[in-house]
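**Student:** Just passing along the structure, written as structure tokens.
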There are 2 protein chains.
Amino acid sequence: MLQTDCQRLDPRIRRTRHLLQDALKRLLEQRDFDKITIQDITEAATLNRATFYAHYPDKFALLEELIRVSFLQLLECRKVRFDGSCATAFHPVILAVCDYLAELQKSHSARQHQFEAFVEGTVIDQIRVILLEGSQKHPVERTISPELIAATASWAIYGAAKQWVNLPDRIPAEDFVATAAAMVHPILMSGVVSPVHS
Amino acid sequence: MLQTDCQRLDPRIRRTRHLLQDALKRLLEQRDFDKITIQDITEAATLNRATFYAHYPDKFALLEELIRVSFLQLLECRKVRFDGSCATAFHPVILAVCDYLAELQKSHSARQHQFEAFVEGTVIDQIRVILLEGSQKHPVERTISPELIAATASWAIYGAAKQWVNLPDRIPAEDFVATAAAMVHPILMSGVVSPVHS
DNA sequence: CAACATCTGTCTGTTAGTCAACACTTGAGT
DNA sequence: ACTCAAGTGTTGACTAACAGACAGATGTTG
């Protein structure tokens, strides 16, 4: 919830949240999200049910955090493979989205519409946040707000990645990333006034 | 400490003790017991140092519990392979001791005398307790106290097993168990008045 | 329909774990 | 000899997690 990324938080809290996330993760490998009760989760996490509500208002909040955290972990892995140059900084983001969707497609039957929609929203929002953070690190004078650009680009990336995973014969993710990046890059550059860029 | 076998104990207590035992177990794979501090253990267990003292007076107490628990786990595995007949009930115990010592020999340099002596004492005591429990389940009239018999037999079993592991070319543990059982069985039968036994 | 079971969300008092102190011991170093 | 660093064992205030209860919602089943 609040303080999710977090620093020096009470170890008990980190432990408990990790236990809950891990329990949900394991249960999702067995059955659909809507067939999982909070009791199931807390039992699998060896925690008291009341403790759950001290951390999340409902199971959707836990799911959201689980998605966020595991997506970020994926992204961290992808990042090390790229240089830090500004122009290609969002390549790993695209790659992470591709991998995440590919992983999701493997492990889940596509029939959980409510679940999928929720995942979708969470992932897109996370992409948006990441892009926004990136643009704040390298401020550029522009006529379009960074917020709008981040939002647009995040949907574009997700849409492109989703198209890619649904192809019957996919090209390698790394190759696809180059194509997608070529499409998305103009969005990020739109409205830039000063042409200062490496 | 108290309530080790235990039943419905506060989940936090079971979790914490398990975390500490597991941490010590992992650290023992890396370095010798006397090179491990309580700080190391609590750090590896993601617990506060003060919490340690709420459960164990010192690291030896933790080690003792670790040995006890892992030995009992080993024993449980061995037990299922045997029938429940009274005459051979202690076969799995001998086998468990053999396996435990063999495991220990593999994973530890034999130079930690203090450590080895402590393990030895703990294991023998555990054997004694198990034998004593067994004799209490099947009370027989005897001229020698069950306590003395259990103590004697436990040392005999440990001694035999230790001799076995130190042989340069060991026979299979299962075969050795039969021999050892033949040696130890008379101890258990000594002083029996009524010859009632299946 | 009523009876029933199950899950939810909330609340209470109690207990375990955290944290930052503390004084003490030990050993290495210069 | 003296410091300095690092580990030990203890304390008390704070807080997270526990057990167990509760009413209400949901969804069976006869």
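The chains in the structure tokens are called A, B, ... from first to last as shown; in each chain the residues are counted from 1, and the ligands are counted from 1 in the order shown.
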Can you check which residues of chain A have any atom within 8 Å of chain C? Use only C-alpha atoms (C1' of nucleotides) and format it as a PDB file with N, CA and C atoms, in the first residue's frame.
**Tutor:**
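And here's iface39.pdb as it stands now:
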```pdb
ATOM      1  N   ASP A  10       9.530  -1.729   9.228  1.00  0.00           N
ATOM      2  CA  ASP A  10       9.557  -2.794  10.236  1.00  0.00           C
ATOM      3  C   ASP A  10       9.691  -4.163   9.563  1.00  0.00           C
ATOM      4  N   PRO A  11      10.682  -4.930   9.963  1.00  0.00           N
ATOM      5  CA  PRO A  11      10.912  -6.244   9.346  1.00  0.00           C
ATOM      6  C   PRO A  11       9.692  -7.141   9.369  1.00  0.00           C
ATOM      7  N   ARG A  12       8.914  -7.023  10.416  1.00  0.00           N
ATOM      8  CA  ARG A  12       7.709  -7.849  10.489  1.00  0.00           C
ATOM      9  C   ARG A  12       6.761  -7.534   9.346  1.00  0.00           C
ATOM     10  N   THR A  37      -9.778 -17.465  -1.914  1.00  0.00           N
ATOM     11  CA  THR A  37     -10.315 -16.621  -0.848  1.00  0.00           C
ATOM     12  C   THR A  37      -9.171 -16.051  -0.016  1.00  0.00           C
TER      13      THR A  37
END
```
**Student:** Distance cut-off 12 Å, counting only C-alpha atoms (C1' of nucleotides) - which residues of chain B neighbour chain D? Return them as a PyMOL selection string.
**Tutor:** chain B and resi 8-13+15+35-40+49-54+56-59
**Student:** How would the residues just chosen look if you wrote them out with N, CA and C atoms as a short mmCIF file (atom, residue, chain, number, x, y, z; two decimals), in the first residue's frame?
**Tutor:**
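Written out: part23.cif:
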```
data_model
loop_
_atom_site.label_atom_id
_atom_site.label_comp_id
_atom_site.auth_asym_id
_atom_site.auth_seq_id
_atom_site.Cartn_x
_atom_site.Cartn_y
_atom_site.Cartn_z
N ARG B 8 -0.27 -26.76 19.42
CA ARG B 8 -0.83 -25.48 18.95
C ARG B 8 -0.11 -24.35 19.67
N LEU B 9 1.04 -24.03 19.13
CA LEU B 9 1.85 -22.96 19.68
C LEU B 9 1.62 -21.75 18.80
N ASP B 10 1.81 -20.58 19.35
CA ASP B 10 1.65 -19.36 18.57
C ASP B 10 2.46 -19.45 17.27
N PRO B 11 1.80 -19.22 16.13
CA PRO B 11 2.49 -19.32 14.84
C PRO B 11 3.75 -18.48 14.76
N ARG B 12 3.73 -17.35 15.43
CA ARG B 12 4.92 -16.49 15.40
C ARG B 12 6.12 -17.20 16.02
N ILE B 13 5.85 -17.95 17.10
CA ILE B 13 6.93 -18.64 17.79
C ILE B 13 7.50 -19.74 16.91
N ARG B 15 7.33 -19.95 13.72
CA ARG B 15 7.98 -19.34 12.57
C ARG B 15 9.37 -18.82 12.95
N LYS B 35 32.69 -20.11 14.55
CA LYS B 35 32.91 -18.87 13.81
C LYS B 35 31.59 -18.16 13.50
N ILE B 36 30.52 -18.71 14.03
CA ILE B 36 29.20 -18.13 13.79
C ILE B 36 28.74 -17.39 15.03
N THR B 37 28.42 -16.13 14.89
CA THR B 37 27.93 -15.35 16.02
C THR B 37 26.41 -15.33 16.04
N ILE B 38 25.88 -14.93 17.17
CA ILE B 38 24.43 -14.81 17.28
C ILE B 38 23.93 -13.71 16.35
N GLN B 39 24.74 -12.69 16.20
CA GLN B 39 24.38 -11.64 15.24
C GLN B 39 24.24 -12.20 13.83
N ASP B 40 25.19 -13.05 13.45
CA ASP B 40 25.11 -13.68 12.13
C ASP B 40 23.79 -14.42 11.97
N ARG B 49 18.20 -9.27 17.12
CA ARG B 49 19.06 -10.05 18.00
C ARG B 49 18.39 -10.34 19.34
N ALA B 50 17.66 -9.36 19.83
CA ALA B 50 17.00 -9.53 21.13
C ALA B 50 15.99 -10.67 21.08
N THR B 51 15.40 -10.88 19.90
CA THR B 51 14.40 -11.94 19.76
C THR B 51 15.02 -13.31 20.03
N PHE B 52 16.28 -13.43 19.64
CA PHE B 52 16.96 -14.72 19.85
C PHE B 52 16.88 -15.13 21.31
N TYR B 53 17.15 -14.17 22.18
CA TYR B 53 17.22 -14.49 23.61
C TYR B 53 15.86 -14.77 24.22
N ALA B 54 14.81 -14.46 23.48
CA ALA B 54 13.47 -14.82 23.95
C ALA B 54 13.20 -16.30 23.74
N TYR B 56 16.16 -18.79 23.04
CA TYR B 56 17.29 -19.64 23.42
C TYR B 56 18.25 -18.84 24.29
N PRO B 57 18.80 -19.46 25.33
CA PRO B 57 19.74 -18.75 26.19
C PRO B 57 21.07 -18.47 25.48
N ASP B 58 21.48 -19.34 24.56
CA ASP B 58 22.71 -19.13 23.81
C ASP B 58 22.66 -19.95 22.53
N LYS B 59 23.71 -19.88 21.75
CA LYS B 59 23.64 -20.54 20.44
C LYS B 59 23.73 -22.05 20.55
#
```
**Student:** For atom CA of A:Leu28 and atom CA of A:Lys162, quote the distance in Å rounded to one decimal.
**Tutor:**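 If I compute the distance from atom CA of A:Leu28 to atom CA of A:Lys162, I get 21.0 Å.
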**Student:** Rank nothing, just name the residue among B:Arg14, B:Ser190, B:Glu65, B:Glu174 nearest to chain A, using only C-alpha atoms.
**Tutor:**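 Answer, going by the shortest atom-to-atom distance: B:Arg14.
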**Student:** Can you work out the spacing between atom CA of B:His185 and atom CA of B:Gln73 in Å, to one decimal?
**Tutor:** 23.8 Å
**Student:** Could you pull out all residues of chain B with a DSSP call of helix (DSSP H, G or I) and give them as an MDAnalysis selection string?
**Tutor:** chainID B and resid 11:28 33:35 38:44 49:53 59:79 86:88 91:107 113:137 146:165 173:189
**Student:** Give me, as a tab-separated table (two decimals) with N, CA and C atoms, in the first residue's frame, all polymer residues having an atom no more than 9 Å from A:Arg142, counting only C-alpha atoms (C1' of nucleotides) and skipping those fewer than 3 positions away in the same chain.
**Tutor:**
```tsv
chain	number	residue	atom	x	y	z
A	145	SER	N	2.76	18.09	-21.96
A	145	SER	CA	3.11	17.70	-20.59
A	145	SER	C	3.70	16.29	-20.55
A	146	PRO	N	4.71	16.10	-19.72
A	146	PRO	CA	5.31	14.76	-19.57
A	146	PRO	C	4.29	13.72	-19.16
A	189	MET	N	9.51	11.88	-27.90
A	189	MET	CA	10.21	13.07	-28.39
A	189	MET	C	9.26	14.18	-28.81
A	190	SER	N	7.97	13.87	-28.83
A	190	SER	CA	7.04	14.86	-29.36
A	190	SER	C	6.95	16.08	-28.46
A	191	GLY	N	6.88	17.24	-29.09
A	191	GLY	CA	6.72	18.49	-28.35
A	191	GLY	C	7.99	19.00	-27.74
A	192	VAL	N	9.13	18.40	-28.09
A	192	VAL	CA	10.38	18.87	-27.54
A	192	VAL	C	10.81	20.15	-28.25
A	193	VAL	N	11.14	21.14	-27.46
A	193	VAL	CA	11.52	22.42	-28.03
A	193	VAL	C	13.01	22.47	-28.32
A	194	SER	N	13.80	22.35	-27.23
A	194	SER	CA	15.25	22.40	-27.42
A	194	SER	C	15.73	21.04	-27.92
```
**Student:** List as a ChimeraX atom specification the protein and nucleic acid residues near B:Asp34, meaning an atom at most 12 Å away when only C-alpha atoms (C1' of nucleotides) are counted, but skip any in the same chain fewer than 2 places from it.
**Tutor:** /B:24,27-28,30-32,36-38,40,59-60,63,111-116,118
**Student:** Between atom CA of A:Leu47 and atom CA of B:Thr46, measure the distance and give it in Å to one decimal.
**Tutor:**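 Answer for the atom CA of A:Leu47 to atom CA of B:Thr46 separation: 17.3 Å.
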**Student:** Residues near stretch 104-108 of chain B, anyone? I mean within 8 Å using only C-alpha atoms (C1' of nucleotides), not counting same-chain ones fewer than 3 positions away, as a PyMOL selection string.
**Tutor:** chain B and resi 29+100-101+165
**Student:** With C-alpha atoms kept, could you save the residues just selected as a CSV table (one decimal), in the first residue's frame?
**Tutor:**
```
chain,number,residue,atom,x,y,z
B,29,GLU,CA,27.3,-25.1,5.5
B,100,TYR,CA,22.8,-38.8,10.3
B,101,LEU,CA,26.5,-39.5,11.1
B,165,VAL,CA,31.0,-44.4,9.4
```
